[in-house]
>>> print(open('data03.cif').read())   # mmCIF, C-alpha atoms
data_coords
loop_
_atom_site.label_atom_id
_atom_site.label_comp_id
_atom_site.auth_asym_id
_atom_site.auth_seq_id
_atom_site.Cartn_x
_atom_site.Cartn_y
_atom_site.Cartn_z
CA MET A 1 10.72 11.86 10.54
CA ARG A 2 7.21 11.13 11.78
CA ARG A 3 4.21 11.23 9.49
CA ARG A 4 2.69 14.33 11.08
CA ASP A 5 5.98 16.14 10.59
CA PHE A 6 5.84 15.37 6.89
CA ILE A 7 2.20 16.44 6.69
CA SER A 8 2.95 19.72 8.41
CA LEU A 9 5.40 20.55 5.65
CA VAL A 10 2.70 20.65 3.01
CA GLY A 11 0.38 22.97 4.94
CA ALA A 12 -1.47 25.39 2.76
CA ALA A 13 0.50 24.41 -0.33
CA ALA A 14 -1.17 20.98 -0.26
CA ALA A 15 -4.60 22.45 -0.77
CA PHE A 16 -5.97 22.98 -4.26
CA PRO A 17 -4.96 24.45 -7.61
CA VAL A 18 -6.48 27.88 -6.95
CA LEU A 19 -3.89 28.34 -4.23
CA ALA A 20 -1.14 26.95 -6.45
CA ARG A 21 -1.92 29.50 -9.13
CA ALA A 22 -2.12 32.25 -6.53
CA GLN A 23 1.42 31.37 -5.55
CA ASP A 24 2.38 31.73 -9.24
CA ARG A 25 3.84 28.27 -9.60
CA MET A 26 3.07 25.33 -11.83
CA PRO A 27 0.79 22.68 -10.29
CA LEU A 28 2.53 19.51 -9.19
CA VAL A 29 1.10 16.06 -9.93
CA GLY A 30 2.58 13.24 -7.85
CA VAL A 31 2.39 9.62 -9.02
CA LEU A 32 2.97 6.63 -6.75
CA THR A 33 3.22 3.32 -8.56
CA ALA A 34 3.47 -0.19 -7.19
CA ASN A 35 6.00 -1.11 -9.84
CA VAL A 36 9.75 -0.89 -10.19
CA VAL A 37 11.69 1.28 -12.60
CA GLY A 38 12.28 -0.60 -15.82
CA ASP A 39 8.96 -2.49 -15.80
CA PRO A 40 7.96 -1.96 -19.47
CA GLY A 41 4.23 -2.49 -18.92
CA ALA A 42 4.13 -0.06 -16.00
CA GLN A 43 6.13 2.55 -17.92
CA MET A 44 3.74 2.21 -20.85
CA ARG A 45 0.79 2.91 -18.55
CA VAL A 46 2.45 5.92 -16.91
CA ASP A 47 3.19 7.21 -20.40
CA ALA A 48 -0.49 6.77 -21.25
CA PHE A 49 -1.42 8.78 -18.16
CA GLN A 50 0.96 11.56 -19.15
CA GLN A 51 -0.39 11.51 -22.73
CA GLY A 52 -3.92 11.67 -21.36
CA LEU A 53 -3.01 14.82 -19.49
CA ALA A 54 -1.36 16.24 -22.63
CA ASP A 55 -4.53 15.60 -24.60
CA LEU A 56 -6.35 17.74 -22.04
CA GLY A 57 -3.87 20.59 -22.32
CA TRP A 58 -1.39 19.70 -19.57
CA VAL A 59 2.18 19.57 -20.87
CA ALA A 60 4.85 18.46 -18.40
CA ASN A 61 7.33 21.20 -17.46
CA GLN A 62 5.29 23.77 -19.37
CA ASN A 63 2.12 24.22 -17.33
CA TYR A 64 2.51 21.48 -14.69
CA ARG A 65 5.22 19.39 -13.06
CA LEU A 66 5.13 15.61 -12.81
CA GLU A 67 6.91 13.56 -10.17
CA VAL A 68 6.74 9.76 -10.44
CA ARG A 69 7.88 7.44 -7.65
CA TRP A 70 8.61 3.74 -8.27
CA PRO A 71 8.76 2.03 -4.86
CA GLY A 72 7.70 -1.38 -6.17
CA PRO A 73 5.26 -3.68 -4.36
CA ASN A 74 6.93 -3.53 -0.93
CA PRO A 75 4.47 -1.86 1.50
CA ALA A 76 7.15 -0.29 3.69
CA ARG A 77 8.84 1.26 0.68
CA GLN A 78 5.50 2.52 -0.60
CA GLN A 79 4.80 4.20 2.73
CA LEU A 80 8.18 5.94 2.75
CA GLU A 81 7.82 7.15 -0.84
CA ALA A 82 4.26 8.31 -0.13
CA LEU A 83 5.43 10.47 2.77
CA GLU A 84 8.20 11.98 0.67
CA LEU A 85 5.82 12.63 -2.21
CA VAL A 86 3.31 14.35 0.07
CA ALA A 87 6.10 16.48 1.55
CA ALA A 88 6.79 17.86 -1.94
CA GLY A 89 3.41 19.62 -1.79
CA PRO A 90 1.58 18.18 -4.81
CA ASP A 91 -1.78 19.58 -5.89
CA VAL A 92 -3.11 16.13 -6.73
CA LEU A 93 -1.84 12.58 -6.24
CA PHE A 94 -2.25 9.61 -8.57
CA ALA A 95 -2.06 6.02 -7.26
CA THR A 96 -1.85 2.86 -9.35
CA SER A 97 -2.70 0.04 -6.92
CA THR A 98 -4.45 -0.74 -3.66
CA GLY A 99 -1.17 -0.63 -1.75
CA ALA A 100 -0.07 2.67 -3.25
CA THR A 101 -3.50 4.20 -2.63
CA ARG A 102 -3.46 3.06 0.99
CA ALA A 103 0.03 4.49 1.50
CA LEU A 104 -1.01 7.88 0.12
CA ARG A 105 -4.24 7.91 2.13
CA ASP A 106 -2.27 7.26 5.29
CA ALA A 107 0.14 10.06 4.39
CA THR A 108 -2.47 12.76 3.74
CA GLN A 109 -6.16 13.35 4.30
CA ARG A 110 -6.12 16.71 2.50
CA ILE A 111 -4.50 16.34 -0.90
CA PRO A 112 -6.87 14.86 -3.53
CA ILE A 113 -5.97 11.30 -4.54
CA VAL A 114 -7.08 9.72 -7.82
CA PHE A 115 -6.57 5.95 -8.03
CA VAL A 116 -6.70 3.44 -10.90
CA GLY A 117 -6.53 -0.33 -11.18
CA LEU A 118 -7.99 -1.11 -7.76
CA SER A 119 -9.74 -4.31 -6.70
CA ASP A 120 -13.01 -3.39 -4.96
CA PRO A 121 -12.17 -0.14 -3.13
CA VAL A 122 -15.19 -0.58 -0.84
CA GLY A 123 -14.29 -4.11 0.17
CA THR A 124 -10.73 -3.07 0.93
CA GLY A 125 -11.91 -0.15 3.07
CA LEU A 126 -10.55 2.68 0.93
CA VAL A 127 -13.89 4.19 -0.10
CA ALA A 128 -17.18 4.20 1.78
CA ASN A 129 -19.45 5.89 -0.76
CA LEU A 130 -18.93 5.17 -4.46
CA ALA A 131 -21.32 7.82 -5.76
CA ARG A 132 -20.12 10.67 -3.55
CA PRO A 133 -16.71 9.95 -2.03
CA ASP A 134 -16.58 11.57 1.39
CA ALA A 135 -12.81 11.54 1.93
CA ASN A 136 -10.01 12.67 -0.37
CA LEU A 137 -10.03 9.63 -2.66
CA THR A 138 -11.79 8.67 -5.86
CA GLY A 139 -10.91 6.95 -9.10
CA PHE A 140 -11.36 3.82 -11.15
CA SER A 141 -11.64 0.16 -10.14
CA LEU A 142 -10.84 -2.78 -12.40
CA TYR A 143 -12.31 -5.84 -10.75
CA GLU A 144 -14.87 -7.13 -8.32
CA HIS A 145 -14.00 -10.21 -6.33
CA SER A 146 -16.41 -12.41 -8.30
CA MET A 147 -13.79 -12.33 -11.06
CA GLY A 148 -11.96 -15.08 -9.18
CA GLY A 149 -14.63 -17.50 -10.36
CA LYS A 150 -14.59 -16.13 -13.90
CA TRP A 151 -10.84 -16.60 -14.30
CA LEU A 152 -11.10 -20.15 -12.99
CA SER A 153 -13.97 -20.98 -15.37
CA LEU A 154 -12.10 -19.65 -18.39
CA LEU A 155 -9.02 -21.68 -17.48
CA LYS A 156 -11.21 -24.78 -17.21
CA ASP A 157 -12.77 -24.02 -20.59
CA MET A 158 -9.29 -23.83 -22.11
CA VAL A 159 -8.11 -27.04 -20.38
CA PRO A 160 -11.20 -29.27 -19.97
CA ASP A 161 -9.25 -32.07 -18.25
CA LEU A 162 -7.92 -29.72 -15.57
CA SER A 163 -8.90 -30.93 -12.09
CA HIS A 164 -6.76 -28.70 -9.87
CA ALA A 165 -5.81 -25.02 -9.91
CA ALA A 166 -3.76 -22.80 -7.63
CA VAL A 167 -4.60 -19.13 -7.11
CA LEU A 168 -1.27 -17.32 -7.01
CA PHE A 169 -0.88 -14.12 -4.96
CA ASN A 170 1.40 -12.17 -2.68
CA PRO A 171 -0.47 -11.49 0.59
CA GLU A 172 1.52 -8.29 1.18
CA SER A 173 0.74 -6.61 -2.13
CA ALA A 174 -2.70 -8.23 -2.59
CA PRO A 175 -4.49 -8.01 0.77
CA TYR A 176 -7.78 -8.58 -1.08
CA ALA A 177 -6.67 -12.02 -2.35
CA PRO A 178 -8.80 -14.03 0.12
CA TYR A 179 -11.96 -12.59 -1.47
CA TYR A 180 -10.90 -13.73 -4.94
CA LEU A 181 -9.90 -17.12 -3.55
CA GLN A 182 -13.30 -17.49 -1.90
CA ALA A 183 -15.05 -16.67 -5.19
CA ALA A 184 -12.94 -19.23 -7.02
CA ARG A 185 -13.71 -21.90 -4.43
CA GLN A 186 -17.41 -21.28 -4.87
CA MET A 187 -16.98 -22.58 -8.42
CA GLU A 188 -15.28 -25.85 -7.45
CA ASN A 189 -18.29 -28.15 -7.50
CA ARG A 190 -19.92 -26.41 -10.44
CA ILE A 191 -17.01 -26.93 -12.83
CA GLY A 192 -15.29 -29.90 -11.20
CA ILE A 193 -12.00 -28.40 -10.16
CA LYS A 194 -10.20 -28.28 -6.81
CA VAL A 195 -8.83 -24.86 -5.84
CA THR A 196 -5.92 -24.11 -3.53
CA GLY A 197 -4.22 -20.86 -2.59
CA ALA A 198 -0.56 -20.31 -3.43
CA SER A 199 0.80 -17.55 -1.20
CA VAL A 200 4.18 -16.33 -2.49
CA ARG A 201 6.48 -13.49 -1.49
CA SER A 202 9.51 -13.94 -3.76
CA GLY A 203 10.63 -15.19 -7.13
CA ALA A 204 11.87 -18.38 -5.50
CA GLU A 205 8.44 -19.03 -4.03
CA ILE A 206 6.79 -18.41 -7.40
CA ALA A 207 9.17 -20.95 -8.93
CA ALA A 208 8.30 -23.46 -6.20
CA ALA A 209 4.57 -22.92 -6.82
CA ILE A 210 5.05 -23.51 -10.55
CA ASP A 211 7.02 -26.69 -9.87
CA ALA A 212 4.27 -27.90 -7.54
CA ALA A 213 1.65 -27.20 -10.19
CA ALA A 214 3.69 -29.10 -12.78
CA ARG A 215 4.00 -32.14 -10.49
CA THR A 216 0.25 -32.25 -9.75
CA GLY A 217 -1.01 -31.30 -13.19
CA SER A 218 -2.55 -28.09 -11.88
CA GLY A 219 -3.26 -24.81 -13.60
CA ILE A 220 -2.57 -21.39 -12.12
CA VAL A 221 -4.71 -18.28 -11.75
CA VAL A 222 -2.43 -15.24 -11.31
CA LEU A 223 -4.29 -12.59 -9.34
CA PRO A 224 -3.78 -8.86 -9.88
CA ASP A 225 -1.35 -8.01 -7.12
CA GLY A 226 -0.20 -4.44 -7.30
CA GLY A 227 3.07 -4.91 -9.15
CA PHE A 228 4.57 -7.97 -7.47
CA PHE A 229 4.09 -10.47 -10.30
CA ALA A 230 5.11 -7.87 -12.88
CA ALA A 231 8.58 -7.75 -11.36
CA GLN A 232 8.84 -11.55 -11.59
CA SER A 233 7.06 -12.15 -14.90
CA GLY A 234 10.28 -12.29 -16.95
CA MET A 235 11.17 -15.42 -14.99
CA ALA A 236 7.73 -16.84 -14.31
CA ILE A 237 6.13 -16.82 -17.77
CA PRO A 238 8.95 -18.77 -19.48
CA MET A 239 9.05 -21.17 -16.54
CA LEU A 240 5.31 -21.81 -16.82
CA ALA A 241 5.83 -22.66 -20.48
CA GLN A 242 8.82 -24.88 -19.74
CA ARG A 243 6.96 -26.78 -17.02
CA ARG A 244 3.84 -26.95 -19.23
CA VAL A 245 1.59 -25.31 -16.66
CA PRO A 246 -1.47 -23.49 -18.08
CA ALA A 247 -2.12 -20.11 -16.47
CA ILE A 248 -4.58 -17.25 -16.78
CA TYR A 249 -3.80 -13.64 -15.90
CA ALA A 250 -5.84 -10.56 -15.08
CA VAL A 251 -3.71 -8.28 -17.25
CA ARG A 252 -3.42 -8.38 -21.04
CA PHE A 253 0.29 -7.55 -20.93
CA TYR A 254 1.18 -11.06 -19.73
CA ALA A 255 -0.71 -12.86 -22.51
CA VAL A 256 0.83 -10.58 -25.12
CA ASN A 257 4.27 -11.40 -23.72
CA GLY A 258 4.06 -15.17 -23.75
CA GLY A 259 1.40 -16.10 -21.18
CA LEU A 260 -1.38 -18.48 -22.21
CA MET A 261 -4.41 -16.24 -21.70
CA SER A 262 -5.76 -13.21 -19.91
CA TYR A 263 -9.15 -11.80 -19.09
CA GLY A 264 -9.63 -8.32 -17.76
CA ALA A 265 -10.37 -4.70 -18.36
CA ASP A 266 -8.05 -2.36 -20.23
CA LEU A 267 -5.69 -1.19 -17.50
CA THR A 268 -3.95 1.26 -19.81
CA GLN A 269 -7.28 2.90 -20.58
CA GLN A 270 -7.86 3.36 -16.85
CA PHE A 271 -4.66 5.40 -16.70
CA ARG A 272 -6.07 7.64 -19.43
CA ASP A 273 -9.37 7.86 -17.55
CA GLY A 274 -7.43 8.73 -14.40
CA ALA A 275 -5.81 11.59 -16.29
CA GLY A 276 -9.30 12.94 -16.88
CA TYR A 277 -10.05 13.03 -13.17
CA VAL A 278 -6.66 14.61 -12.42
CA ASP A 279 -7.44 17.27 -15.01
CA ARG A 280 -10.76 18.02 -13.34
CA VAL A 281 -9.14 18.31 -9.91
CA LEU A 282 -6.47 20.62 -11.27
CA ARG A 283 -9.24 22.80 -12.69
CA GLY A 284 -10.96 23.03 -9.31
CA ALA A 285 -13.33 20.04 -9.06
CA GLU A 286 -13.87 18.58 -5.60
CA ILE A 287 -13.39 14.89 -4.96
CA ARG A 288 -16.96 14.37 -3.73
CA THR A 289 -18.26 15.40 -7.19
CA LEU A 290 -16.23 12.64 -8.91
CA PRO A 291 -17.82 9.20 -8.38
CA VAL A 292 -15.79 6.02 -8.26
CA GLN A 293 -16.18 4.22 -11.57
CA PHE A 294 -15.86 0.52 -12.38
CA ALA A 295 -14.63 -1.02 -15.61
CA THR A 296 -17.51 -2.22 -17.78
CA THR A 297 -15.69 -3.70 -20.78
CA PHE A 298 -13.52 -6.80 -20.50
CA GLU A 299 -11.45 -8.61 -23.07
CA LEU A 300 -10.26 -12.18 -23.42
CA VAL A 301 -6.80 -12.57 -24.95
CA ILE A 302 -5.35 -15.94 -25.99
CA ASN A 303 -1.76 -16.44 -27.02
CA MET A 304 -2.01 -19.09 -29.75
CA LYS A 305 1.71 -19.82 -29.72
CA ALA A 306 1.52 -20.60 -26.00
CA ALA A 307 -1.61 -22.70 -26.50
CA ASN A 308 0.00 -24.72 -29.29
CA ALA A 309 3.13 -25.27 -27.23
CA LEU A 310 0.97 -26.73 -24.45
CA GLY A 311 -0.84 -28.95 -26.96
CA LEU A 312 -4.15 -27.22 -26.34
CA SER A 313 -6.96 -27.00 -28.86
CA VAL A 314 -8.77 -23.74 -28.20
CA PRO A 315 -12.54 -24.32 -27.94
CA SER A 316 -14.60 -22.64 -30.67
CA ARG A 317 -16.50 -20.54 -28.14
CA LEU A 318 -13.28 -19.02 -26.86
CA LEU A 319 -12.00 -18.53 -30.40
CA MET A 320 -15.07 -16.44 -31.19
CA GLU A 321 -14.81 -14.35 -28.03
CA ALA A 322 -11.06 -13.81 -27.79
CA GLU A 323 -8.45 -11.61 -29.34
CA LEU A 324 -5.90 -14.07 -30.66
CA ILE A 325 -2.18 -13.31 -30.37
CA GLU A 326 -0.09 -15.27 -32.87
#
>>> encode(input="data03.cif", output="structure tokens")
Amino acid sequence: MRRRDFISLVGAAAAFPVLARAQDRMPLVGVLTANVVGDPGAQMRVDAFQQGLADLGWVANQNYRLEVRWPGPNPARQQLEALELVAAGPDVLFATSTGATRALRDATQRIPIVFVGLSDPVGTGLVANLARPDANLTGFSLYEHSMGGKWLSLLKDMVPDLSHAAVLFNPESAPYAPYYLQAARQMENRIGIKVTGASVRSGAEIAAAIDAAARTGSGIVVLPDGGFFAAQSGMAIPMLAQRRVPAIYAVRFYAVNGGLMSYGADLTQQFRDGAGYVDRVLRGAEIRTLPVQFATTFELVINMKAANALGLSVPSRLLMEAELIE
């Protein structure tokens, strides 16, 4: 079925909550993730979103309905699930990555979309005006592209002898990766480290990139990538430890679960913040009155067990700044 055929199905029912109440039905909230079912970190964040709504008076199956789709990081699958979700006639949509947001935007220009966890929504062409969004999208962004240099610098601080680092990303689920890579390369001369890009599309290619890093004594910067690495982390994090490759992540979850270190904003909190915007839309707020917001608080997490296994002595400056996981 063509996209316009799906869109025609929602018609008036895709408008706003006033109409939903007039039709004497519970509002429907549709969620499109970039993760797969069974991803514990992703499920935890969706649970936080649902709890955020409950804290604001929205109880699933009592005064609203919740439909969550788990297409994973594959863009084609995301597009299909987005069309099906729009056809269900939700009152508001919730997207958890750049890819998922893009898929929903392409599926509807009428239903309000609240996003979380994005990397620079202006740079990726999703939003034109941060203060007063002029389309049907708004939400919360985690990172600006300059973070590519910050992650590289922190990895160098942790491993002073490091002379090479690979920036790991999937070009399909992280179309913004070149901007992060450019920011990292701008730090090369300043901190004395050579940066390369490691474009991967499968678990086998991640394994090959880790092997290459082990052979050359490189570190790895794992970019936020809309769910792709999450699906492979159960394999990749132990392999990084086995091959003795130091890596830094954008998401706390990976450091807590065996990765060396992470630096980033609280992604779970953004899901709670997103619930606040969904609540306001359900109560009649218009998207243009809800500005796009950026994370302002970032945390450094160091897994001491992983550091000790790699024979690393954590610098005192990092010890003072970081949350240490034993």
>>> closest_residue(input="data03.cif", among="A:Leu181, A:Leu83, A:Val301, A:Ala307", to="Val245 (chain A)", atoms="only C-alpha atoms")
A:Ala307
>>> closest_residue(input="data03.cif", among="A:Phe94, A:Tyr64, A:Trp151, A:Phe228", to="Gly139 (chain A)", atoms="all atoms listed in the file")
A:Phe94
>>> residues_around(input="data03.cif", residues="Leu154 (chain A)", least_positions_apart="3", cutoff="10 Å", atoms="only C-alpha atoms", output="list in words")
Gly149, Lys150, Trp151, Asp157, Met158, Val159, Pro160, Ile248, Met261, Ser262, Tyr263, Leu300 and Leu318 of chain A
>>> resolve_selection(input="data03.cif", expression="the PyMOL selection byres ((chain A and resi 163) around 12)", output="compact mmCIF listing (two decimals) with C-alpha atoms, in the frame of the given file")
# COMPACT_ATOMS: atom_id res chain seq x y z
CA LEU A 152 -11.10 -20.15 -12.99
CA SER A 153 -13.97 -20.98 -15.37
CA LEU A 155 -9.02 -21.68 -17.48
CA LYS A 156 -11.21 -24.78 -17.21
CA ASP A 157 -12.77 -24.02 -20.59
CA VAL A 159 -8.11 -27.04 -20.38
CA PRO A 160 -11.20 -29.27 -19.97
CA ASP A 161 -9.25 -32.07 -18.25
CA LEU A 162 -7.92 -29.72 -15.57
CA HIS A 164 -6.76 -28.70 -9.87
CA ALA A 165 -5.81 -25.02 -9.91
CA ALA A 166 -3.76 -22.80 -7.63
CA GLU A 188 -15.28 -25.85 -7.45
CA ASN A 189 -18.29 -28.15 -7.50
CA ILE A 191 -17.01 -26.93 -12.83
CA GLY A 192 -15.29 -29.90 -11.20
CA ILE A 193 -12.00 -28.40 -10.16
CA LYS A 194 -10.20 -28.28 -6.81
CA VAL A 195 -8.83 -24.86 -5.84
CA THR A 196 -5.92 -24.11 -3.53
CA ALA A 213 1.65 -27.20 -10.19
CA THR A 216 0.25 -32.25 -9.75
CA GLY A 217 -1.01 -31.30 -13.19
CA SER A 218 -2.55 -28.09 -11.88
CA GLY A 219 -3.26 -24.81 -13.60
CA ILE A 220 -2.57 -21.39 -12.12
>>> residues_around(input="data03.cif", residues="Ala204 (chain A)", least_positions_apart="3", cutoff="10 Å", atoms="all atoms listed in the file", output="list in words")
Val200, Arg201, Ala207, Ala208, Ala209, Ile210, Gln232, Met235 and Ala236 of chain A
>>> closest_residue(input="data03.cif", among="A:Gly226, A:Gly41, A:Pro71, A:Gly259", to="Glu84 (chain A)", atoms="all atoms listed in the file")
A:Pro71
>>> resolve_selection(input="data03.cif", expression="the PyMOL selection byres ((chain A and resi 63) around 12)", output="JSON, numbers by chain")
{"A": [20, 21, 24, 25, 26, 27, 28, 29, 53, 54, 56, 57, 58, 59, 60, 61, 62, 64, 65, 66, 282]}
>>> residues_near_point(input="data03.cif", point="(-22.0, 9.3, -2.5)", cutoff="10 Å", atoms="all atoms listed in the file", output="list in words")
Val127, Ala128, Asn129, Leu130, Ala131, Arg132, Pro133, Asp134, Arg288, Thr289, Leu290, Pro291 and Val292 of chain A
>>> atom_distance(input="data03.cif", atom1="CA of Leu260 (chain A)", atom2="CA of Phe49 (chain A)")
27.6 Å
>>> atom_distance(input="data03.cif", atom1="CA of His145 (chain A)", atom2="CA of Leu168 (chain A)")
14.6 Å
>>> closest_residue(input="data03.cif", among="A:Pro40, A:Gly72, A:Gly89, A:Gly117", to="Gln269 (chain A)", atoms="only C-alpha atoms")
A:Gly117
>>> residues_around(input="data03.cif", residues="Trp70 (chain A)", least_positions_apart="5", cutoff="8 Å", atoms="only C-alpha atoms", output="PyMOL selection string")
chain A and resi 32-37
>>> closest_residue(input="data03.cif", among="A:Val281, A:Ala198, A:Val256, A:Ala265", to="Glu326 (chain A)", atoms="all atoms listed in the file")
A:Val256
>>> build_atoms(input="data03.cif", residues="region 249-258 of chain A", atoms="all heavy atoms", output="compact mmCIF listing (two decimals), in the coordinates of the input")
# COMPACT_ATOMS: atom_id res chain seq x y z
N TYR A 249 -4.21 -14.88 -16.56
CA TYR A 249 -3.80 -13.64 -15.90
C TYR A 249 -4.93 -12.61 -15.97
O TYR A 249 -5.81 -12.69 -16.83
CB TYR A 249 -2.56 -13.05 -16.60
CG TYR A 249 -1.43 -14.04 -16.77
CD1 TYR A 249 -1.40 -14.90 -17.87
CD2 TYR A 249 -0.41 -14.14 -15.85
CE1 TYR A 249 -0.37 -15.81 -18.04
CE2 TYR A 249 0.63 -15.05 -16.00
CZ TYR A 249 0.64 -15.89 -17.11
OH TYR A 249 1.65 -16.79 -17.27
N ALA A 250 -4.85 -11.63 -15.09
CA ALA A 250 -5.84 -10.56 -15.08
C ALA A 250 -5.47 -9.42 -16.01
O ALA A 250 -6.31 -8.57 -16.30
CB ALA A 250 -6.00 -10.02 -13.65
N VAL A 251 -4.23 -9.40 -16.48
CA VAL A 251 -3.71 -8.28 -17.25
C VAL A 251 -3.26 -8.75 -18.63
O VAL A 251 -2.50 -9.72 -18.75
CB VAL A 251 -2.53 -7.60 -16.51
CG1 VAL A 251 -1.98 -6.43 -17.32
CG2 VAL A 251 -2.97 -7.13 -15.13
N ARG A 252 -3.72 -8.07 -19.65
CA ARG A 252 -3.42 -8.38 -21.04
C ARG A 252 -1.92 -8.48 -21.32
O ARG A 252 -1.47 -9.32 -22.10
CB ARG A 252 -4.05 -7.30 -21.91
CG ARG A 252 -3.63 -7.30 -23.37
CD ARG A 252 -4.05 -6.01 -24.06
NE ARG A 252 -3.53 -5.95 -25.41
CZ ARG A 252 -4.16 -6.42 -26.47
NH1 ARG A 252 -5.35 -6.97 -26.34
NH2 ARG A 252 -3.62 -6.33 -27.68
N PHE A 253 -1.14 -7.63 -20.68
CA PHE A 253 0.29 -7.55 -20.93
C PHE A 253 0.96 -8.92 -20.85
O PHE A 253 1.86 -9.23 -21.64
CB PHE A 253 0.93 -6.59 -19.92
CG PHE A 253 2.41 -6.44 -20.05
CD1 PHE A 253 2.96 -5.57 -20.99
CD2 PHE A 253 3.28 -7.16 -19.24
CE1 PHE A 253 4.34 -5.44 -21.12
CE2 PHE A 253 4.65 -7.03 -19.36
CZ PHE A 253 5.19 -6.17 -20.31
N TYR A 254 0.53 -9.77 -19.92
CA TYR A 254 1.18 -11.06 -19.73
C TYR A 254 0.86 -12.03 -20.87
O TYR A 254 1.73 -12.81 -21.29
CB TYR A 254 0.77 -11.67 -18.39
CG TYR A 254 1.12 -10.80 -17.22
CD1 TYR A 254 0.18 -10.48 -16.24
CD2 TYR A 254 2.40 -10.26 -17.09
CE1 TYR A 254 0.50 -9.68 -15.16
CE2 TYR A 254 2.73 -9.44 -16.02
CZ TYR A 254 1.77 -9.16 -15.06
OH TYR A 254 2.09 -8.34 -14.00
N ALA A 255 -0.36 -12.00 -21.38
CA ALA A 255 -0.71 -12.86 -22.51
C ALA A 255 0.02 -12.41 -23.77
O ALA A 255 0.50 -13.23 -24.56
CB ALA A 255 -2.22 -12.85 -22.74
N VAL A 256 0.13 -11.10 -23.96
CA VAL A 256 0.83 -10.58 -25.12
C VAL A 256 2.31 -10.97 -25.08
O VAL A 256 2.94 -11.19 -26.12
CB VAL A 256 0.68 -9.05 -25.20
CG1 VAL A 256 1.57 -8.46 -26.27
CG2 VAL A 256 -0.78 -8.69 -25.46
N ASN A 257 2.84 -11.12 -23.88
CA ASN A 257 4.27 -11.40 -23.72
C ASN A 257 4.54 -12.85 -23.32
O ASN A 257 5.46 -13.13 -22.56
CB ASN A 257 4.86 -10.43 -22.70
CG ASN A 257 5.02 -9.04 -23.25
OD1 ASN A 257 6.00 -8.72 -23.92
ND2 ASN A 257 4.03 -8.20 -23.01
N GLY A 258 3.74 -13.75 -23.86
CA GLY A 258 4.06 -15.17 -23.75
C GLY A 258 3.16 -15.99 -22.85
O GLY A 258 3.23 -17.22 -22.87
